[in-house]
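Visitor: Contents of work01.pdb (PDB, C-alpha atoms, pLDDT in the B column):
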```pdb
ATOM      1  CA  MET V   6     158.228  94.251  80.914  1.00 61.00           C
ATOM      2  CA  ASP V   7     156.336  92.645  78.039  1.00 63.00           C
ATOM      3  CA  TYR V   8     152.815  91.788  79.229  1.00 67.00           C
ATOM      4  CA  THR V   9     151.838  89.993  76.007  1.00 70.00           C
ATOM      5  CA  LYS V  10     151.519  86.571  77.645  1.00 72.00           C
ATOM      6  CA  CYS V  11     149.564  88.090  80.529  1.00 75.00           C
ATOM      7  CA  PHE V  12     146.917  89.782  78.390  1.00 80.00           C
ATOM      8  CA  LYS V  13     146.619  86.591  76.340  1.00 84.00           C
ATOM      9  CA  ASP V  14     145.903  84.698  79.582  1.00 85.00           C
ATOM     10  CA  VAL V  15     143.193  87.230  80.430  1.00 89.00           C
ATOM     11  CA  ILE V  16     141.603  87.113  76.957  1.00 91.00           C
ATOM     12  CA  LEU V  17     141.238  83.321  77.178  1.00 90.00           C
ATOM     13  CA  ASN V  18     138.738  83.933  79.999  1.00 92.00           C
ATOM     14  CA  TYR V  19     136.368  85.803  77.642  1.00 94.00           C
ATOM     15  CA  SER V  20     134.403  84.878  74.534  1.00 91.00           C
ATOM     16  CA  PHE V  21     136.289  87.190  72.183  1.00 91.00           C
ATOM     17  CA  ILE V  22     136.352  86.025  68.579  1.00 87.00           C
ATOM     18  CA  ASP V  23     139.688  86.559  66.849  1.00 89.00           C
ATOM     19  CA  PRO V  24     140.602  89.662  68.918  1.00 92.00           C
ATOM     20  CA  ILE V  25     143.007  92.353  67.797  1.00 91.00           C
ATOM     21  CA  VAL V  26     144.780  93.766  70.858  1.00 91.00           C
ATOM     22  CA  GLU V  27     146.410  97.212  71.029  1.00 91.00           C
ATOM     23  CA  PHE V  28     148.439  98.381  74.018  1.00 91.00           C
ATOM     24  CA  ILE V  29     147.205 101.775  75.306  1.00 90.00           C
ATOM     25  CA  ARG V  30     149.366 102.597  78.325  1.00 86.00           C
ATOM     26  CA  HIS V  31     150.610 101.558  81.746  1.00 84.00           C
ATOM     27  CA  ASN V  32     149.783 104.027  84.523  1.00 83.00           C
ATOM     28  CA  GLU V  33     147.397 103.054  87.302  1.00 84.00           C
ATOM     29  CA  ASN V  34     146.425 100.032  85.152  1.00 86.00           C
ATOM     30  CA  ILE V  35     147.896  98.221  82.188  1.00 88.00           C
ATOM     31  CA  THR V  36     145.322  98.968  79.492  1.00 91.00           C
ATOM     32  CA  TYR V  37     144.577  97.495  76.085  1.00 93.00           C
ATOM     33  CA  LYS V  38     141.970  98.083  73.418  1.00 94.00           C
ATOM     34  CA  VAL V  39     140.528  94.754  72.259  1.00 95.00           C
ATOM     35  CA  THR V  40     138.630  94.701  68.959  1.00 94.00           C
ATOM     36  CA  GLU V  41     136.845  91.629  67.671  1.00 91.00           C
ATOM     37  CA  LYS V  42     137.735  91.008  64.061  1.00 86.00           C
ATOM     38  CA  GLY V  43     134.660  91.001  61.853  1.00 82.00           C
ATOM     39  CA  SER V  44     132.200  92.518  64.312  1.00 83.00           C
ATOM     40  CA  GLU V  45     134.459  95.483  65.121  1.00 76.00           C
ATOM     41  CA  ASP V  46     133.089  95.489  68.697  1.00 90.00           C
ATOM     42  CA  SER V  47     135.724  97.001  70.974  1.00 94.00           C
ATOM     43  CA  TYR V  48     136.517  96.666  74.649  1.00 95.00           C
ATOM     44  CA  LEU V  49     138.850  98.109  77.254  1.00 94.00           C
ATOM     45  CA  LEU V  50     140.955  95.474  79.017  1.00 94.00           C
ATOM     46  CA  ARG V  51     142.340  96.688  82.349  1.00 93.00           C
ATOM     47  CA  MET V  52     144.971  94.788  84.262  1.00 91.00           C
ATOM     48  CA  HIS V  53     144.852  96.464  87.676  1.00 87.00           C
ATOM     49  CA  LYS V  54     148.622  96.590  88.246  1.00 84.00           C
ATOM     50  CA  PRO V  55     150.018 100.110  88.711  1.00 70.00           C
ATOM     51  CA  ILE V  56     153.305 101.039  87.094  1.00 67.00           C
ATOM     52  CA  THR V  57     154.824 101.833  90.512  1.00 64.00           C
ATOM     53  CA  LYS V  58     154.224 100.332  93.967  1.00 71.00           C
ATOM     54  CA  ASN V  59     153.319 103.744  95.453  1.00 64.00           C
ATOM     55  CA  MET V  60     150.237 103.795  93.172  1.00 66.00           C
ATOM     56  CA  GLN V  61     149.059 100.459  94.628  1.00 71.00           C
ATOM     57  CA  GLY V  62     146.134 100.746  97.016  1.00 67.00           C
ATOM     58  CA  VAL V  63     142.706  99.567  98.064  1.00 69.00           C
ATOM     59  CA  GLN V  64     141.398 100.486  94.585  1.00 76.00           C
ATOM     60  CA  ASN V  65     143.304  97.474  93.191  1.00 79.00           C
ATOM     61  CA  THR V  66     141.649  94.912  95.463  1.00 84.00           C
ATOM     62  CA  ARG V  67     139.127  92.490  94.047  1.00 89.00           C
ATOM     63  CA  ASP V  68     136.365  93.902  96.287  1.00 89.00           C
ATOM     64  CA  ALA V  69     137.028  97.489  95.196  1.00 89.00           C
ATOM     65  CA  ILE V  70     137.084  96.570  91.507  1.00 91.00           C
ATOM     66  CA  GLN V  71     133.933  94.469  91.906  1.00 93.00           C
ATOM     67  CA  SER V  72     132.252  97.428  93.612  1.00 91.00           C
ATOM     68  CA  GLU V  73     133.271  99.776  90.783  1.00 91.00           C
ATOM     69  CA  LEU V  74     131.948  97.369  88.161  1.00 94.00           C
ATOM     70  CA  GLU V  75     128.649  96.842  90.004  1.00 92.00           C
ATOM     71  CA  TYR V  76     128.322 100.634  90.192  1.00 90.00           C
ATOM     72  CA  LEU V  77     128.882 100.935  86.426  1.00 92.00           C
ATOM     73  CA  LEU V  78     126.243  98.265  85.769  1.00 92.00           C
ATOM     74  CA  ALA V  79     123.737 100.120  87.936  1.00 89.00           C
ATOM     75  CA  TRP V  80     124.636 103.481  86.386  1.00 89.00           C
ATOM     76  CA  SER V  81     124.295 102.107  82.853  1.00 88.00           C
ATOM     77  CA  SER V  82     120.731 100.964  83.537  1.00 86.00           C
ATOM     78  CA  HIS V  83     119.736 104.388  84.946  1.00 81.00           C
ATOM     79  CA  SER V  84     121.569 106.765  82.652  1.00 82.00           C
ATOM     80  CA  GLU V  85     120.951 107.944  79.143  1.00 82.00           C
ATOM     81  CA  LEU V  86     124.636 108.819  78.914  1.00 82.00           C
ATOM     82  CA  PRO V  87     127.105 106.421  77.309  1.00 85.00           C
ATOM     83  CA  THR V  88     128.614 104.239  80.015  1.00 88.00           C
ATOM     84  CA  GLN V  89     131.423 101.721  80.018  1.00 91.00           C
ATOM     85  CA  ILE V  90     129.552  98.498  80.722  1.00 95.00           C
ATOM     86  CA  PRO V  91     131.474  95.687  82.431  1.00 97.00           C
ATOM     87  CA  VAL V  92     131.777  92.444  80.476  1.00 96.00           C
ATOM     88  CA  PRO V  93     131.563  89.184  82.449  1.00 96.00           C
ATOM     89  CA  ASN V  94     134.112  86.463  81.786  1.00 96.00           C
ATOM     90  CA  LEU V  95     133.268  82.873  80.781  1.00 96.00           C
ATOM     91  CA  HIS V  96     132.540  82.097  84.465  1.00 96.00           C
ATOM     92  CA  ASP V  97     130.041  85.003  84.597  1.00 96.00           C
ATOM     93  CA  GLU V  98     132.404  86.966  86.873  1.00 96.00           C
ATOM     94  CA  LEU V  99     133.272  90.629  86.399  1.00 96.00           C
ATOM     95  CA  VAL V 100     136.808  90.312  87.804  1.00 96.00           C
ATOM     96  CA  THR V 101     139.344  87.912  86.297  1.00 94.00           C
ATOM     97  CA  ASN V 102     142.651  86.994  87.935  1.00 91.00           C
ATOM     98  CA  VAL V 103     145.994  86.265  86.274  1.00 87.00           C
ATOM     99  CA  VAL V 104     149.499  85.904  87.658  1.00 83.00           C
ATOM    100  CA  ILE V 105     152.033  88.578  86.686  1.00 75.00           C
ATOM    101  CA  GLU V 106     155.567  88.394  88.021  1.00 75.00           C
ATOM    102  CA  SER V 107     154.376  85.825  90.623  1.00 81.00           C
ATOM    103  CA  GLU V 108     151.683  88.247  91.822  1.00 81.00           C
ATOM    104  CA  GLU V 109     147.937  87.715  91.403  1.00 87.00           C
ATOM    105  CA  VAL V 110     146.495  90.621  89.434  1.00 88.00           C
ATOM    106  CA  ASN V 111     142.810  91.518  89.083  1.00 92.00           C
ATOM    107  CA  CYS V 112     141.597  92.275  85.561  1.00 94.00           C
ATOM    108  CA  SER V 113     138.401  93.640  84.095  1.00 96.00           C
ATOM    109  CA  VAL V 114     136.879  94.269  80.681  1.00 97.00           C
ATOM    110  CA  LEU V 115     134.536  97.116  79.767  1.00 96.00           C
ATOM    111  CA  LYS V 116     132.706  97.895  76.547  1.00 95.00           C
ATOM    112  CA  TRP V 117     134.583 100.572  74.638  1.00 94.00           C
ATOM    113  CA  ILE V 118     133.063 104.018  74.253  1.00 91.00           C
ATOM    114  CA  ALA V 119     134.314 105.982  71.265  1.00 87.00           C
ATOM    115  CA  GLY V 120     134.966 109.635  71.987  1.00 85.00           C
ATOM    116  CA  GLU V 121     137.461 112.393  72.469  1.00 83.00           C
ATOM    117  CA  THR V 122     139.357 113.432  75.572  1.00 82.00           C
ATOM    118  CA  MET V 123     138.470 116.922  76.734  1.00 82.00           C
ATOM    119  CA  SER V 124     141.229 119.518  76.614  1.00 86.00           C
ATOM    120  CA  LYS V 125     141.705 122.857  78.369  1.00 88.00           C
ATOM    121  CA  ILE V 126     140.292 124.687  75.351  1.00 88.00           C
ATOM    122  CA  ASP V 127     136.992 122.791  75.740  1.00 84.00           C
ATOM    123  CA  PHE V 128     136.500 124.490  79.104  1.00 86.00           C
ATOM    124  CA  THR V 129     136.303 127.884  77.400  1.00 90.00           C
ATOM    125  CA  ASN V 130     133.071 126.798  75.671  1.00 88.00           C
ATOM    126  CA  GLU V 131     130.202 127.830  77.979  1.00 92.00           C
ATOM    127  CA  GLU V 132     127.710 125.344  76.483  1.00 91.00           C
ATOM    128  CA  MET V 133     130.116 122.440  76.879  1.00 88.00           C
ATOM    129  CA  VAL V 134     130.934 123.375  80.480  1.00 91.00           C
ATOM    130  CA  SER V 135     127.221 123.729  81.295  1.00 92.00           C
ATOM    131  CA  ALA V 136     126.438 120.311  79.785  1.00 88.00           C
ATOM    132  CA  LEU V 137     129.349 118.754  81.694  1.00 88.00           C
ATOM    133  CA  GLY V 138     128.142 120.325  84.942  1.00 92.00           C
ATOM    134  CA  LYS V 139     124.633 118.918  84.428  1.00 89.00           C
ATOM    135  CA  ARG V 140     126.054 115.469  83.759  1.00 87.00           C
ATOM    136  CA  ILE V 141     128.230 115.596  86.854  1.00 88.00           C
ATOM    137  CA  ALA V 142     125.213 116.688  88.940  1.00 91.00           C
ATOM    138  CA  TYR V 143     123.172 113.786  87.548  1.00 85.00           C
ATOM    139  CA  LEU V 144     125.998 111.359  88.345  1.00 86.00           C
ATOM    140  CA  HIS V 145     126.315 112.804  91.853  1.00 88.00           C
ATOM    141  CA  GLN V 146     122.567 112.442  92.441  1.00 86.00           C
ATOM    142  CA  PHE V 147     122.689 108.801  91.354  1.00 84.00           C
ATOM    143  CA  SER V 148     125.796 108.131  93.480  1.00 84.00           C
ATOM    144  CA  ARG V 149     124.109 109.405  96.628  1.00 86.00           C
ATOM    145  CA  SER V 150     121.390 106.763  96.306  1.00 81.00           C
ATOM    146  CA  PHE V 151     123.574 103.859  95.104  1.00 78.00           C
ATOM    147  CA  LYS V 152     123.921 100.971  97.564  1.00 77.00           C
ATOM    148  CA  TYR V 153     126.615  98.386  96.898  1.00 66.00           C
ATOM    149  CA  ASP V 154     125.751  94.851  97.931  1.00 67.00           C
ATOM    150  CA  SER V 155     129.096  93.244  98.812  1.00 61.00           C
ATOM    151  CA  SER V 156     127.406  89.847  99.157  1.00 55.00           C
ATOM    152  CA  LEU V 157     127.001  89.551  95.369  1.00 49.00           C
TER     153      LEU V 157
END
```
Would you mind writing the file's structure down as structure tokens?
Guide:
Amino acid sequence: MDYTKCFKDVILNYSFIDPIVEFIRHNENITYKVTEKGSEDSYLLRMHKPITKNMQGVQNTRDAIQSELEYLLAWSSHSELPTQIPVPNLHDELVTNVVIESEEVNCSVLKWIAGETMSKIDFTNEEMVSALGKRIAYLHQFSRSFKYDSSL
């Protein structure tokens, strides 16, 4: 299916200026890279609609997505590591809804983080593995103390 109209409906809910939109993939989400022309600021647009029904679950509910985004906001204010920061829509909400194939779909936008995907060969580098382990430990420590307020 062509989701062009759908992502355009989502983008209208944000203050993007002359966005250039590139399809990334459709797995657990339909994902796009959105780059503002002129500023070159980039974002990750996620339409939380899995490619198959068996991938659908609680993680696609508005509450679960809201919780994830609140977690990322909290993490970004406590971490020195680059973090995908959620971007609120024009209504100051972190989750935006659109209708796809007569189904309401939750959507979210995060600031883009430039980087490379790790490969198996990276795990042969002892320094890289050690740094990754320290980062995971730091994330775990933060996660243990994080309290989500579902009333927000």
Visitor: For the structure shown, which residues end up in the PyMOL selection byres ((chain V and resi 46-54) around 6)? Put them as an mmCIF file with C-alpha atoms, in the frame of the given file, please?
Guide:
```cif
data_model
loop_
_atom_site.group_PDB
_atom_site.id
_atom_site.type_symbol
_atom_site.label_atom_id
_atom_site.label_comp_id
_atom_site.auth_asym_id
_atom_site.auth_seq_id
_atom_site.Cartn_x
_atom_site.Cartn_y
_atom_site.Cartn_z
ATOM 1 C CA ASN V 34 146.425 100.032 85.152
ATOM 2 C CA ILE V 35 147.896 98.221 82.188
ATOM 3 C CA THR V 36 145.322 98.968 79.492
ATOM 4 C CA TYR V 37 144.577 97.495 76.085
ATOM 5 C CA LYS V 38 141.970 98.083 73.418
ATOM 6 C CA VAL V 39 140.528 94.754 72.259
ATOM 7 C CA THR V 40 138.630 94.701 68.959
ATOM 8 C CA GLU V 41 136.845 91.629 67.671
ATOM 9 C CA SER V 44 132.200 92.518 64.312
ATOM 10 C CA GLU V 45 134.459 95.483 65.121
ATOM 11 C CA PRO V 55 150.018 100.110 88.711
ATOM 12 C CA ASN V 65 143.304 97.474 93.191
ATOM 13 C CA ASN V 111 142.810 91.518 89.083
ATOM 14 C CA CYS V 112 141.597 92.275 85.561
ATOM 15 C CA SER V 113 138.401 93.640 84.095
ATOM 16 C CA VAL V 114 136.879 94.269 80.681
ATOM 17 C CA LEU V 115 134.536 97.116 79.767
ATOM 18 C CA LYS V 116 132.706 97.895 76.547
ATOM 19 C CA TRP V 117 134.583 100.572 74.638
#
```
Visitor: Env of Tyr19 of chain V: 8 Å cut, atoms = all atoms listed in the file, seq-sep filter 4 positions within chain, self excluded. Answer as a PDB file with C-alpha atoms, keeping the file's coordinate frame.
Guide:
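Output file result-v1.pdb is given in full below:
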```pdb
ATOM      1  CA  VAL V  15     143.193  87.230  80.430  1.00 89.00           C
ATOM      2  CA  PRO V  93     131.563  89.184  82.449  1.00 96.00           C
ATOM      3  CA  ASN V  94     134.112  86.463  81.786  1.00 96.00           C
ATOM      4  CA  LEU V  95     133.268  82.873  80.781  1.00 96.00           C
TER       5      LEU V  95
END
```
Visitor: For a test of reading the model, state the distance in Å between atom CA of His31 of chain V and atom CA of Gln64 of chain V, rounded to one decimal.
Guide: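 Distance reported for this atom pair: 15.8 Å.
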Visitor: As a VMD selection string, please: the residues near Phe151 of chain V (cut-off 12 Å, only C-alpha atoms, same-chain neighbours under 4 positions excluded).
Guide: chain V and resid 72 to 73 75 to 80 83 144 to 147
Visitor: Restricted to C-alpha atoms, what would the selected residues look like written as a PDB file, in the coordinates of the input?
Guide:
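Written output follows (part20.pdb):
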```pdb
ATOM      1  CA  SER V  72     132.252  97.428  93.612  1.00 91.00           C
ATOM      2  CA  GLU V  73     133.271  99.776  90.783  1.00 91.00           C
ATOM      3  CA  GLU V  75     128.649  96.842  90.004  1.00 92.00           C
ATOM      4  CA  TYR V  76     128.322 100.634  90.192  1.00 90.00           C
ATOM      5  CA  LEU V  77     128.882 100.935  86.426  1.00 92.00           C
ATOM      6  CA  LEU V  78     126.243  98.265  85.769  1.00 92.00           C
ATOM      7  CA  ALA V  79     123.737 100.120  87.936  1.00 89.00           C
ATOM      8  CA  TRP V  80     124.636 103.481  86.386  1.00 89.00           C
ATOM      9  CA  HIS V  83     119.736 104.388  84.946  1.00 81.00           C
ATOM     10  CA  LEU V 144     125.998 111.359  88.345  1.00 86.00           C
ATOM     11  CA  HIS V 145     126.315 112.804  91.853  1.00 88.00           C
ATOM     12  CA  GLN V 146     122.567 112.442  92.441  1.00 86.00           C
ATOM     13  CA  PHE V 147     122.689 108.801  91.354  1.00 84.00           C
TER      14      PHE V 147
END
```
Visitor: So how many Å separate atom CA of Asp23 of chain V and atom CA of Thr9 of chain V, to one decimal?
Guide: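 Between atom CA of Asp23 of chain V and atom CA of Thr9 of chain V the gap is 15.6 Å.
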Visitor: Between V:Ile118, V:Ala142, V:Val104, V:Val110, which has the minimum distance to Gln89 of chain V (counting only C-alpha atoms)?
Guide: V:Ile118
Visitor: Please compute the atom CA of His96 of chain V-atom CA of Lys42 of chain V distance, one decimal, in Å.
Guide: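 So the answer is 22.9 Å.
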Visitor: Using all atoms listed in the file, find the one residue out of V:Ile90, V:Ile29, V:Val103, V:Leu74 that sits nearest to Ile16 of chain V.
Guide: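 For Ile16 of chain V, the nearest of the candidates is V:Val103.
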Visitor: Calculated over all atoms listed in the file, which of the candidates V:Phe12, V:Gly120, V:Glu108, V:Leu86 has the smallest distance to Val26 of chain V?
Guide: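 When distances to Val26 of chain V are compared using all atoms listed in the file, the smallest one comes from V:Phe12.
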Visitor: For segment 44-55 of chain V, supply all heavy atoms and format the output as a tab-separated table (two decimals), keeping the file's coordinate frame.
Guide:
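And here is the file that came out, selection.tsv:
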```
chain	number	residue	atom	x	y	z
V	44	SER	N	133.30	91.76	63.73
V	44	SER	CA	132.20	92.52	64.31
V	44	SER	C	132.61	93.96	64.59
V	44	SER	O	131.78	94.84	64.67
V	44	SER	CB	131.74	91.87	65.62
V	44	SER	OG	132.67	92.13	66.66
V	45	GLU	N	133.90	94.17	64.78
V	45	GLU	CA	134.46	95.48	65.12
V	45	GLU	C	133.98	96.00	66.48
V	45	GLU	O	134.12	97.18	66.78
V	45	GLU	CB	134.19	96.52	64.01
V	45	GLU	CG	134.72	96.12	62.65
V	45	GLU	CD	136.18	95.71	62.63
V	45	GLU	OE1	137.02	96.35	63.30
V	45	GLU	OE2	136.49	94.71	61.95
V	46	ASP	N	133.40	95.11	67.32
V	46	ASP	CA	133.09	95.49	68.70
V	46	ASP	C	134.40	95.67	69.44
V	46	ASP	O	135.33	94.88	69.27
V	46	ASP	CB	132.25	94.41	69.38
V	46	ASP	CG	130.83	94.32	68.85
V	46	ASP	OD1	130.34	95.34	68.30
V	46	ASP	OD2	130.22	93.25	68.98
V	47	SER	N	134.48	96.71	70.26
V	47	SER	CA	135.72	97.00	70.97
V	47	SER	C	135.49	97.04	72.47
V	47	SER	O	134.39	97.34	72.94
V	47	SER	CB	136.31	98.33	70.51
V	47	SER	OG	136.71	98.25	69.16
V	48	TYR	N	136.56	96.76	73.20
V	48	TYR	CA	136.52	96.67	74.65
V	48	TYR	C	137.79	97.26	75.24
V	48	TYR	O	138.81	97.34	74.57
V	48	TYR	CB	136.41	95.19	75.08
V	48	TYR	CG	135.24	94.49	74.44
V	48	TYR	CD1	135.37	93.87	73.21
V	48	TYR	CD2	133.99	94.48	75.06
V	48	TYR	CE1	134.29	93.24	72.61
V	48	TYR	CE2	132.91	93.86	74.46
V	48	TYR	CZ	133.07	93.24	73.24
V	48	TYR	OH	132.00	92.64	72.64
V	49	LEU	N	137.70	97.64	76.50
V	49	LEU	CA	138.85	98.11	77.25
V	49	LEU	C	139.22	97.02	78.24
V	49	LEU	O	138.43	96.65	79.10
V	49	LEU	CB	138.52	99.40	78.02
V	49	LEU	CG	139.60	99.91	78.97
V	49	LEU	CD1	140.84	100.35	78.19
V	49	LEU	CD2	139.07	101.04	79.82
V	50	LEU	N	140.43	96.47	78.09
V	50	LEU	CA	140.96	95.47	79.02
V	50	LEU	C	141.85	96.20	80.01
V	50	LEU	O	142.78	96.91	79.62
V	50	LEU	CB	141.76	94.41	78.26
V	50	LEU	CG	142.66	93.50	79.08
V	50	LEU	CD1	141.87	92.71	80.11
V	50	LEU	CD2	143.44	92.57	78.17
V	51	ARG	N	141.54	96.06	81.30
V	51	ARG	CA	142.34	96.69	82.35
V	51	ARG	C	142.95	95.61	83.23
V	51	ARG	O	142.25	94.78	83.79
V	51	ARG	CB	141.48	97.60	83.23
V	51	ARG	CG	140.78	98.70	82.48
V	51	ARG	CD	139.98	99.60	83.39
V	51	ARG	NE	139.03	98.83	84.19
V	51	ARG	CZ	138.31	99.34	85.19
V	51	ARG	NH1	138.45	100.61	85.54
V	51	ARG	NH2	137.46	98.59	85.86
V	52	MET	N	144.26	95.65	83.32
V	52	MET	CA	144.97	94.79	84.26
V	52	MET	C	145.35	95.72	85.41
V	52	MET	O	146.16	96.63	85.23
V	52	MET	CB	146.18	94.16	83.58
V	52	MET	CG	145.76	93.30	82.39
V	52	MET	SD	147.11	92.81	81.31
V	52	MET	CE	147.94	91.64	82.34
V	53	HIS	N	144.75	95.52	86.56
V	53	HIS	CA	144.85	96.46	87.68
V	53	HIS	C	146.19	96.30	88.41
V	53	HIS	O	146.24	95.87	89.56
V	53	HIS	CB	143.65	96.29	88.61
V	53	HIS	CG	142.36	96.53	87.93
V	53	HIS	ND1	141.76	97.78	87.88
V	53	HIS	CD2	141.53	95.70	87.23
V	53	HIS	CE1	140.63	97.69	87.19
V	53	HIS	NE2	140.48	96.44	86.79
V	54	LYS	N	147.26	96.66	87.70
V	54	LYS	CA	148.62	96.59	88.25
V	54	LYS	C	149.29	97.92	87.93
V	54	LYS	O	149.70	98.16	86.80
V	54	LYS	CB	149.40	95.43	87.63
V	54	LYS	CG	150.82	95.31	88.14
V	54	LYS	CD	151.50	94.10	87.56
V	54	LYS	CE	152.96	93.98	87.95
V	54	LYS	NZ	153.28	94.15	89.33
V	55	PRO	N	149.41	98.80	88.94
V	55	PRO	CA	150.02	100.11	88.71
V	55	PRO	C	151.48	100.00	88.28
V	55	PRO	O	152.17	99.02	88.61
V	55	PRO	CB	149.92	100.81	90.07
V	55	PRO	CG	148.95	100.02	90.86
V	55	PRO	CD	148.96	98.63	90.31
```
